[in-house]
Amino acid sequence: MEDDVKKFLYVNRKAPYGTIYALESLEVVLIGAAFDQDVSLAFLDDGVFQLTKSQDTKEIGVKNFSPTFRALGDYEVTKLYVEKESLDERGLTLDDLQEIMWEDEDDDYEEKPSIRIVSRAEMADVMADQDVILSF
Amino acid sequence: MKFGIVVSEGPYTHQASDSAYHFVKAALEAGHEVPRVFFYHDGVNVATSLSVPPQDERNIQQQWSAIAKDHGVDLVVCIAAAQRRGMLDENEAKRQGKDAHNIAEGFRISGLGQLIEMGIETDRLMTFGD
């Protein structure tokens, strides 16, 4: 079975609202989780806004789907790479993002953070390491 | 080589579905395999049987339907994305109580699992988007 496992990376570059890409990306991630592949998510450019906390969409009449990111750990999606330069360019820090945790069953179910802040150069390495990249 | 193709923008507004079509055609002519094309986001609109472009323009849906017919390429339209955008096949129209369906010949409606499966089973996955 191990041979059948590919490394999938979902690249999120757009703001959560304004276009549907972010929402429909998350839908692929949730369905894809059932396929037991090695899944990572990348957030860069305006895509970093997808992970911000306290999103309130009431005034635009669109569903706030940001709580779903906190459920990704239950789907064994535990690697969320966030590009530091994209945060910096938008005046954001890790504190502006939701706390997204996963339980490591190999480590006494210890809660660990899913978000990994990486530099632009490290993000390039993450991408180069993948088998399948889906860009949104 | 085995290519999986994703089309993620709608026809005519964006060049994505044209570029994907030209790529698939060239790949097949060069002896490569393209087992499946997956239409997502507004890309699902490529599959409408109701588009009537001017006669001196390309008909994007017909070009794709011909590729499916001539080369057996599996043209899959994402069901979730399709339902949002008013793209229904006969079964779905019946199930949802709608009075019309509009999935052109050669296309079929199915789930996002088909996209993941395509990523697993092909050598390269290419996305044609904005």
# chains A, B, ... in the order shown; residues from 1 in each chain; ligands from 1
>>> select_by_dssp(residues="range 1-135 of chain A", states="alpha helix (DSSP H)", output="PyMOL selection string")
chain A and resi 21-32+84-89+120-128
>>> write_last_selection(atoms="N, CA and C atoms", output="CSV table (one decimal), in the first residue's frame")
chain,number,residue,atom,x,y,z
A,21,TYR,N,-12.6,30.2,-4.8
A,21,TYR,CA,-11.5,29.2,-4.8
A,21,TYR,C,-11.1,28.6,-3.5
A,22,ALA,N,-11.1,29.5,-2.4
A,22,ALA,CA,-10.7,29.0,-1.1
A,22,ALA,C,-11.7,27.9,-0.6
A,23,LEU,N,-13.0,28.2,-0.7
A,23,LEU,CA,-14.0,27.2,-0.3
A,23,LEU,C,-13.9,25.9,-1.0
A,24,GLU,N,-13.8,26.0,-2.4
A,24,GLU,CA,-13.8,24.8,-3.2
A,24,GLU,C,-12.5,24.1,-3.0
A,25,SER,N,-11.4,24.8,-2.7
A,25,SER,CA,-10.2,24.1,-2.3
A,25,SER,C,-10.4,23.2,-1.1
A,26,LEU,N,-11.0,23.8,-0.1
A,26,LEU,CA,-11.2,23.1,1.2
A,26,LEU,C,-12.1,21.8,0.9
A,27,GLU,N,-13.0,22.0,0.0
A,27,GLU,CA,-13.9,20.8,-0.3
A,27,GLU,C,-13.1,19.7,-0.9
A,28,VAL,N,-12.1,20.0,-1.7
A,28,VAL,CA,-11.2,18.9,-2.3
A,28,VAL,C,-10.4,18.3,-1.2
A,29,VAL,N,-9.9,19.1,-0.3
A,29,VAL,CA,-9.1,18.6,0.8
A,29,VAL,C,-9.8,17.6,1.7
A,30,LEU,N,-11.1,18.0,2.0
A,30,LEU,CA,-11.9,17.1,2.9
A,30,LEU,C,-12.2,15.8,2.2
A,31,ILE,N,-12.6,15.8,0.9
A,31,ILE,CA,-12.9,14.6,0.1
A,31,ILE,C,-11.6,13.8,0.0
A,32,GLY,N,-10.5,14.5,-0.4
A,32,GLY,CA,-9.2,13.9,-0.6
A,32,GLY,C,-8.7,13.1,0.6
A,84,LYS,N,6.0,33.0,5.5
A,84,LYS,CA,6.3,34.1,6.4
A,84,LYS,C,6.2,35.5,5.7
A,85,GLU,N,6.8,35.5,4.5
A,85,GLU,CA,6.9,36.8,3.7
A,85,GLU,C,5.5,37.2,3.4
A,86,SER,N,4.6,36.3,3.1
A,86,SER,CA,3.2,36.7,2.8
A,86,SER,C,2.5,37.3,4.0
A,87,LEU,N,2.8,36.7,5.2
A,87,LEU,CA,2.2,37.3,6.4
A,87,LEU,C,2.8,38.7,6.6
A,88,ASP,N,4.1,38.8,6.5
A,88,ASP,CA,4.8,40.1,6.8
A,88,ASP,C,4.3,41.2,5.8
A,89,GLU,N,4.1,40.8,4.5
A,89,GLU,CA,3.7,41.8,3.6
A,89,GLU,C,2.3,42.4,3.9
A,120,ARG,N,9.9,31.9,2.3
A,120,ARG,CA,9.6,31.7,0.8
A,120,ARG,C,10.5,30.6,0.2
A,121,ALA,N,11.8,30.6,0.6
A,121,ALA,CA,12.8,29.6,0.1
A,121,ALA,C,12.4,28.2,0.6
A,122,GLU,N,11.9,28.1,1.9
A,122,GLU,CA,11.5,26.8,2.4
A,122,GLU,C,10.2,26.3,1.7
A,123,MET,N,9.4,27.3,1.4
A,123,MET,CA,8.1,26.9,0.7
A,123,MET,C,8.4,26.3,-0.7
A,124,ALA,N,9.5,26.9,-1.3
A,124,ALA,CA,9.9,26.3,-2.6
A,124,ALA,C,10.3,24.9,-2.5
A,125,ASP,N,11.0,24.6,-1.4
A,125,ASP,CA,11.5,23.2,-1.1
A,125,ASP,C,10.3,22.3,-0.8
A,126,VAL,N,9.3,22.8,-0.1
A,126,VAL,CA,8.1,22.0,0.2
A,126,VAL,C,7.4,21.7,-1.1
A,127,MET,N,7.3,22.6,-2.0
A,127,MET,CA,6.7,22.4,-3.3
A,127,MET,C,7.5,21.4,-4.2
A,128,ALA,N,8.8,21.5,-4.1
A,128,ALA,CA,9.6,20.7,-5.0
A,128,ALA,C,9.5,19.2,-4.5
>>> closest_atom_pairs(of="chain A", to="chain B", cutoff="9 Å", atoms="only C-alpha atoms", output="tab-separated table")
residue	atom	partner	partner_atom	distance
A:Asp4	CA	B:Ile120	CA	7.5
A:Val5	CA	B:Ile120	CA	7.9
A:Lys6	CA	B:Ile120	CA	6.6
A:Phe8	CA	B:Gly119	CA	8.3
A:Ile20	CA	B:His41	CA	7.7
A:Tyr21	CA	B:His41	CA	7.3
A:Glu24	CA	B:His41	CA	7.2
A:Glu27	CA	B:Leu112	CA	8.3
A:Val28	CA	B:Leu112	CA	6.3
A:Ile31	CA	B:Gly113	CA	6.4
A:Gly32	CA	B:Ile116	CA	6.0
A:Ala34	CA	B:Gly113	CA	8.6
A:Phe35	CA	B:Ile116	CA	7.6
A:Gln37	CA	B:Ile120	CA	8.7
A:Asp131	CA	B:Arg124	CA	8.1
A:Val132	CA	B:Gly119	CA	6.3
A:Ile133	CA	B:Leu125	CA	7.5
A:Leu134	CA	B:Thr127	CA	7.2
A:Ser135	CA	B:Thr127	CA	7.3
A:Phe136	CA	B:Gly129	CA	8.6
>>> write_last_selection(atoms="N, CA and C atoms", output="compact mmCIF listing (two decimals), in the first residue's frame")
# COMPACT_ATOMS: atom_id res chain seq x y z
N ASP A 4 1.51 3.20 -3.00
CA ASP A 4 0.42 3.94 -3.61
C ASP A 4 0.25 5.32 -3.00
N VAL A 5 1.02 5.62 -1.96
CA VAL A 5 0.86 6.91 -1.30
C VAL A 5 1.66 7.99 -2.02
N LYS A 6 0.96 9.02 -2.44
CA LYS A 6 1.62 10.14 -3.09
C LYS A 6 1.54 11.36 -2.19
N PHE A 8 0.51 14.94 -1.80
CA PHE A 8 -0.40 15.94 -2.37
C PHE A 8 -0.20 17.28 -1.66
N ILE A 20 -14.58 32.00 -5.07
CA ILE A 20 -14.96 30.74 -4.43
C ILE A 20 -13.78 29.77 -4.30
N TYR A 21 -12.60 30.18 -4.78
CA TYR A 21 -11.48 29.23 -4.84
C TYR A 21 -11.14 28.62 -3.47
N GLU A 24 -13.81 26.05 -2.38
CA GLU A 24 -13.81 24.82 -3.17
C GLU A 24 -12.48 24.07 -3.05
N GLU A 27 -13.03 21.97 0.03
CA GLU A 27 -13.89 20.83 -0.28
C GLU A 27 -13.08 19.67 -0.87
N VAL A 28 -12.10 19.99 -1.70
CA VAL A 28 -11.25 18.94 -2.26
C VAL A 28 -10.41 18.30 -1.16
N ILE A 31 -12.58 15.84 0.88
CA ILE A 31 -12.86 14.60 0.13
C ILE A 31 -11.57 13.80 -0.03
N GLY A 32 -10.49 14.52 -0.36
CA GLY A 32 -9.21 13.85 -0.61
C GLY A 32 -8.67 13.13 0.61
N ALA A 34 -10.00 11.12 2.45
CA ALA A 34 -10.45 9.73 2.52
C ALA A 34 -9.53 8.79 1.73
N PHE A 35 -8.61 9.36 0.95
CA PHE A 35 -7.79 8.53 0.06
C PHE A 35 -6.45 8.12 0.68
N GLN A 37 -3.68 9.64 1.43
CA GLN A 37 -2.44 10.13 0.81
C GLN A 37 -1.71 11.01 1.82
N ASP A 131 4.46 15.19 -5.12
CA ASP A 131 4.12 14.44 -6.34
C ASP A 131 3.01 15.15 -7.11
N VAL A 132 2.01 15.63 -6.38
CA VAL A 132 0.84 16.24 -7.02
C VAL A 132 0.56 17.59 -6.36
N ILE A 133 0.50 18.64 -7.17
CA ILE A 133 0.19 19.96 -6.63
C ILE A 133 -1.12 20.46 -7.24
N LEU A 134 -2.06 20.79 -6.38
CA LEU A 134 -3.31 21.38 -6.84
C LEU A 134 -3.33 22.83 -6.40
N SER A 135 -3.48 23.72 -7.35
CA SER A 135 -3.34 25.14 -7.10
C SER A 135 -4.69 25.84 -7.12
N PHE A 136 -4.95 26.62 -6.08
CA PHE A 136 -6.24 27.31 -5.99
C PHE A 136 -6.04 28.79 -5.73
>>> closest_residue(among="B:Tyr12, B:Asp74, B:Ala30, B:Val24", to="Val52 in chain B", atoms="only C-alpha atoms")
B:Tyr12
>>> residues_around(residues="range 109-118 of chain A", least_positions_apart="5", cutoff="7 Å", atoms="only C-alpha atoms", output="JSON, numbers by chain")
{"A": [78, 79, 80, 81, 82, 83, 84, 100, 101, 102, 103, 104, 123]}
>>> residues_around(residues="His101 in chain B", least_positions_apart="2", cutoff="9 Å", atoms="only C-alpha atoms", output="VMD selection string")
chain B and resid 49 86 to 94 98 to 99 103
>>> write_last_selection(atoms="N, CA and C atoms", output="PDB file, in the first residue's frame")
ATOM      1  N   SER B  49     -24.643  21.870 -22.621  1.00  0.00           N
ATOM      2  CA  SER B  49     -25.097  21.553 -23.983  1.00  0.00           C
ATOM      3  C   SER B  49     -25.890  22.717 -24.560  1.00  0.00           C
ATOM      4  N   GLY B  86     -25.779  25.358 -11.640  1.00  0.00           N
ATOM      5  CA  GLY B  86     -26.883  25.016 -12.531  1.00  0.00           C
ATOM      6  C   GLY B  86     -26.518  24.072 -13.653  1.00  0.00           C
ATOM      7  N   MET B  87     -25.585  23.173 -13.379  1.00  0.00           N
ATOM      8  CA  MET B  87     -25.223  22.150 -14.363  1.00  0.00           C
ATOM      9  C   MET B  87     -25.707  20.803 -13.834  1.00  0.00           C
ATOM     10  N   LEU B  88     -26.711  20.224 -14.508  1.00  0.00           N
ATOM     11  CA  LEU B  88     -27.311  18.977 -14.026  1.00  0.00           C
ATOM     12  C   LEU B  88     -27.418  17.962 -15.148  1.00  0.00           C
ATOM     13  N   ASP B  89     -27.161  16.701 -14.825  1.00  0.00           N
ATOM     14  CA  ASP B  89     -27.469  15.662 -15.809  1.00  0.00           C
ATOM     15  C   ASP B  89     -28.908  15.186 -15.559  1.00  0.00           C
ATOM     16  N   GLU B  90     -29.349  14.265 -16.377  1.00  0.00           N
ATOM     17  CA  GLU B  90     -30.754  13.869 -16.321  1.00  0.00           C
ATOM     18  C   GLU B  90     -31.143  13.319 -14.943  1.00  0.00           C
ATOM     19  N   ASN B  91     -30.286  12.464 -14.399  1.00  0.00           N
ATOM     20  CA  ASN B  91     -30.569  11.865 -13.084  1.00  0.00           C
ATOM     21  C   ASN B  91     -30.658  12.911 -11.987  1.00  0.00           C
ATOM     22  N   GLU B  92     -29.672  13.814 -11.982  1.00  0.00           N
ATOM     23  CA  GLU B  92     -29.640  14.846 -10.953  1.00  0.00           C
ATOM     24  C   GLU B  92     -30.842  15.786 -11.077  1.00  0.00           C
ATOM     25  N   ALA B  93     -31.205  16.124 -12.311  1.00  0.00           N
ATOM     26  CA  ALA B  93     -32.358  17.001 -12.527  1.00  0.00           C
ATOM     27  C   ALA B  93     -33.608  16.363 -11.921  1.00  0.00           C
ATOM     28  N   LYS B  94     -33.739  15.072 -12.149  1.00  0.00           N
ATOM     29  CA  LYS B  94     -34.896  14.354 -11.623  1.00  0.00           C
ATOM     30  C   LYS B  94     -34.852  14.359 -10.092  1.00  0.00           C
ATOM     31  N   LYS B  98     -35.802  19.373 -10.848  1.00  0.00           N
ATOM     32  CA  LYS B  98     -35.618  20.438 -11.841  1.00  0.00           C
ATOM     33  C   LYS B  98     -36.181  19.990 -13.184  1.00  0.00           C
ATOM     34  N   ASP B  99     -36.573  20.979 -14.005  1.00  0.00           N
ATOM     35  CA  ASP B  99     -37.270  20.612 -15.241  1.00  0.00           C
ATOM     36  C   ASP B  99     -36.349  20.546 -16.467  1.00  0.00           C
ATOM     37  N   ILE B 103     -26.049  18.553 -19.483  1.00  0.00           N
ATOM     38  CA  ILE B 103     -24.690  18.023 -19.596  1.00  0.00           C
ATOM     39  C   ILE B 103     -24.508  17.446 -21.001  1.00  0.00           C
TER      40      ILE B 103
END
>>> select_by_dssp(residues="chain A", states="strand (DSSP E or B)", output="PyMOL selection string")
chain A and resi 7-12+38-43+52+80-83+97+101-104+110-113+115-118+132-135
>>> write_last_selection(atoms="C-alpha atoms", output="PDB file, in the first residue's frame")
ATOM      1  CA  LYS A   7       2.441  13.532  -1.665  1.00  0.00           C
ATOM      2  CA  PHE A   8      -0.402  15.940  -2.373  1.00  0.00           C
ATOM      3  CA  LEU A   9      -0.007  19.677  -1.844  1.00  0.00           C
ATOM      4  CA  TYR A  10      -2.953  22.056  -1.977  1.00  0.00           C
ATOM      5  CA  VAL A  11      -1.723  25.568  -2.714  1.00  0.00           C
ATOM      6  CA  ASN A  12      -4.017  28.361  -1.506  1.00  0.00           C
ATOM      7  CA  ASP A  38       0.291  12.294   2.340  1.00  0.00           C
ATOM      8  CA  VAL A  39      -1.461  15.670   2.396  1.00  0.00           C
ATOM      9  CA  SER A  40      -0.048  19.159   2.960  1.00  0.00           C
ATOM     10  CA  LEU A  41      -1.598  22.581   2.541  1.00  0.00           C
ATOM     11  CA  ALA A  42       0.279  25.731   1.580  1.00  0.00           C
ATOM     12  CA  PHE A  43      -0.935  29.268   2.230  1.00  0.00           C
ATOM     13  CA  THR A  52      -7.103  34.463  10.188  1.00  0.00           C
ATOM     14  CA  LEU A  80      -0.380  23.615   7.040  1.00  0.00           C
ATOM     15  CA  TYR A  81       2.587  25.559   5.664  1.00  0.00           C
ATOM     16  CA  VAL A  82       2.188  29.332   5.875  1.00  0.00           C
ATOM     17  CA  GLU A  83       4.661  31.596   4.090  1.00  0.00           C
ATOM     18  CA  LEU A  97      -4.157  33.173  12.753  1.00  0.00           C
ATOM     19  CA  MET A 101      -4.120  21.661  16.467  1.00  0.00           C
ATOM     20  CA  TRP A 102      -3.929  17.938  15.802  1.00  0.00           C
ATOM     21  CA  GLU A 103      -3.608  14.968  18.137  1.00  0.00           C
ATOM     22  CA  ASP A 104      -0.503  12.859  17.653  1.00  0.00           C
ATOM     23  CA  GLU A 110      -0.407  15.128  22.501  1.00  0.00           C
ATOM     24  CA  GLU A 111      -1.897  18.194  20.863  1.00  0.00           C
ATOM     25  CA  LYS A 112       0.467  19.737  18.337  1.00  0.00           C
ATOM     26  CA  PRO A 113       0.120  22.820  16.141  1.00  0.00           C
ATOM     27  CA  ILE A 115       0.481  25.577  11.258  1.00  0.00           C
ATOM     28  CA  ARG A 116       4.132  25.725  10.265  1.00  0.00           C
ATOM     29  CA  ILE A 117       5.528  29.114   9.349  1.00  0.00           C
ATOM     30  CA  VAL A 118       8.115  28.764   6.572  1.00  0.00           C
ATOM     31  CA  VAL A 132       0.842  16.237  -7.019  1.00  0.00           C
ATOM     32  CA  ILE A 133       0.188  19.959  -6.629  1.00  0.00           C
ATOM     33  CA  LEU A 134      -3.308  21.377  -6.838  1.00  0.00           C
ATOM     34  CA  SER A 135      -3.337  25.140  -7.100  1.00  0.00           C
TER      35      SER A 135
END
>>> residues_around(residues="Ile60 in chain B", least_positions_apart="2", cutoff="8 Å", atoms="only C-alpha atoms", output="PDB file with N, CA and C atoms, in the first residue's frame")
ATOM      1  N   PRO B  11     -15.571  28.643 -19.868  1.00  0.00           N
ATOM      2  CA  PRO B  11     -15.244  28.868 -21.278  1.00  0.00           C
ATOM      3  C   PRO B  11     -15.429  30.330 -21.670  1.00  0.00           C
ATOM      4  N   SER B  17      -9.722  26.805 -20.651  1.00  0.00           N
ATOM      5  CA  SER B  17     -10.278  25.589 -21.255  1.00  0.00           C
ATOM      6  C   SER B  17      -9.774  25.396 -22.688  1.00  0.00           C
ATOM      7  N   ASP B  18      -9.463  26.508 -23.390  1.00  0.00           N
ATOM      8  CA  ASP B  18      -8.859  26.404 -24.727  1.00  0.00           C
ATOM      9  C   ASP B  18      -7.442  25.826 -24.632  1.00  0.00           C
ATOM     10  N   VAL B  46     -18.038  24.466 -19.032  1.00  0.00           N
ATOM     11  CA  VAL B  46     -17.619  23.987 -20.355  1.00  0.00           C
ATOM     12  C   VAL B  46     -18.579  22.901 -20.844  1.00  0.00           C
ATOM     13  N   ARG B  58     -15.097  29.288 -32.373  1.00  0.00           N
ATOM     14  CA  ARG B  58     -14.963  27.903 -31.909  1.00  0.00           C
ATOM     15  C   ARG B  58     -16.101  27.575 -30.946  1.00  0.00           C
ATOM     16  N   GLN B  62     -18.220  21.549 -27.955  1.00  0.00           N
ATOM     17  CA  GLN B  62     -18.168  20.545 -29.021  1.00  0.00           C
ATOM     18  C   GLN B  62     -16.747  20.028 -29.251  1.00  0.00           C
ATOM     19  N   GLN B  63     -15.766  20.915 -29.087  1.00  0.00           N
ATOM     20  CA  GLN B  63     -14.378  20.466 -29.225  1.00  0.00           C
ATOM     21  C   GLN B  63     -14.060  19.379 -28.207  1.00  0.00           C
ATOM     22  N   TRP B  64     -14.497  19.614 -26.966  1.00  0.00           N
ATOM     23  CA  TRP B  64     -14.238  18.622 -25.909  1.00  0.00           C
ATOM     24  C   TRP B  64     -15.025  17.336 -26.139  1.00  0.00           C
TER      25      TRP B  64
END
>>> residues_around(residues="Arg36 in chain B", least_positions_apart="4", cutoff="8 Å", atoms="only C-alpha atoms", output="PDB file with N, CA and C atoms, in the first residue's frame")
ATOM      1  N   PHE B   3      -1.036  11.839 -18.474  1.00  0.00           N
ATOM      2  CA  PHE B   3      -1.380  13.158 -17.941  1.00  0.00           C
ATOM      3  C   PHE B   3      -2.790  13.197 -17.372  1.00  0.00           C
ATOM      4  N   GLY B   4      -2.938  13.805 -16.216  1.00  0.00           N
ATOM      5  CA  GLY B   4      -4.259  14.154 -15.688  1.00  0.00           C
ATOM      6  C   GLY B   4      -4.422  15.652 -15.849  1.00  0.00           C
ATOM      7  N   ILE B   5      -5.610  16.084 -16.264  1.00  0.00           N
ATOM      8  CA  ILE B   5      -5.821  17.504 -16.562  1.00  0.00           C
ATOM      9  C   ILE B   5      -6.949  18.072 -15.700  1.00  0.00           C
ATOM     10  N   VAL B  73     -11.336   9.964 -23.969  1.00  0.00           N
ATOM     11  CA  VAL B  73     -10.955  10.711 -22.758  1.00  0.00           C
ATOM     12  C   VAL B  73     -12.189  10.860 -21.863  1.00  0.00           C
ATOM     13  N   ASP B  74     -11.999  10.572 -20.573  1.00  0.00           N
ATOM     14  CA  ASP B  74     -13.081  10.626 -19.598  1.00  0.00           C
ATOM     15  C   ASP B  74     -13.229  12.073 -19.113  1.00  0.00           C
ATOM     16  N   LEU B  75     -14.317  12.735 -19.509  1.00  0.00           N
ATOM     17  CA  LEU B  75     -14.525  14.139 -19.123  1.00  0.00           C
ATOM     18  C   LEU B  75     -15.437  14.182 -17.906  1.00  0.00           C
ATOM     19  N   VAL B  76     -14.854  14.504 -16.754  1.00  0.00           N
ATOM     20  CA  VAL B  76     -15.611  14.456 -15.502  1.00  0.00           C
ATOM     21  C   VAL B  76     -15.891  15.865 -14.991  1.00  0.00           C
ATOM     22  N   MET B 118      -7.370  10.661 -10.051  1.00  0.00           N
ATOM     23  CA  MET B 118      -6.592  11.037 -11.239  1.00  0.00           C
ATOM     24  C   MET B 118      -5.176  11.442 -10.837  1.00  0.00           C
TER      25      MET B 118
END
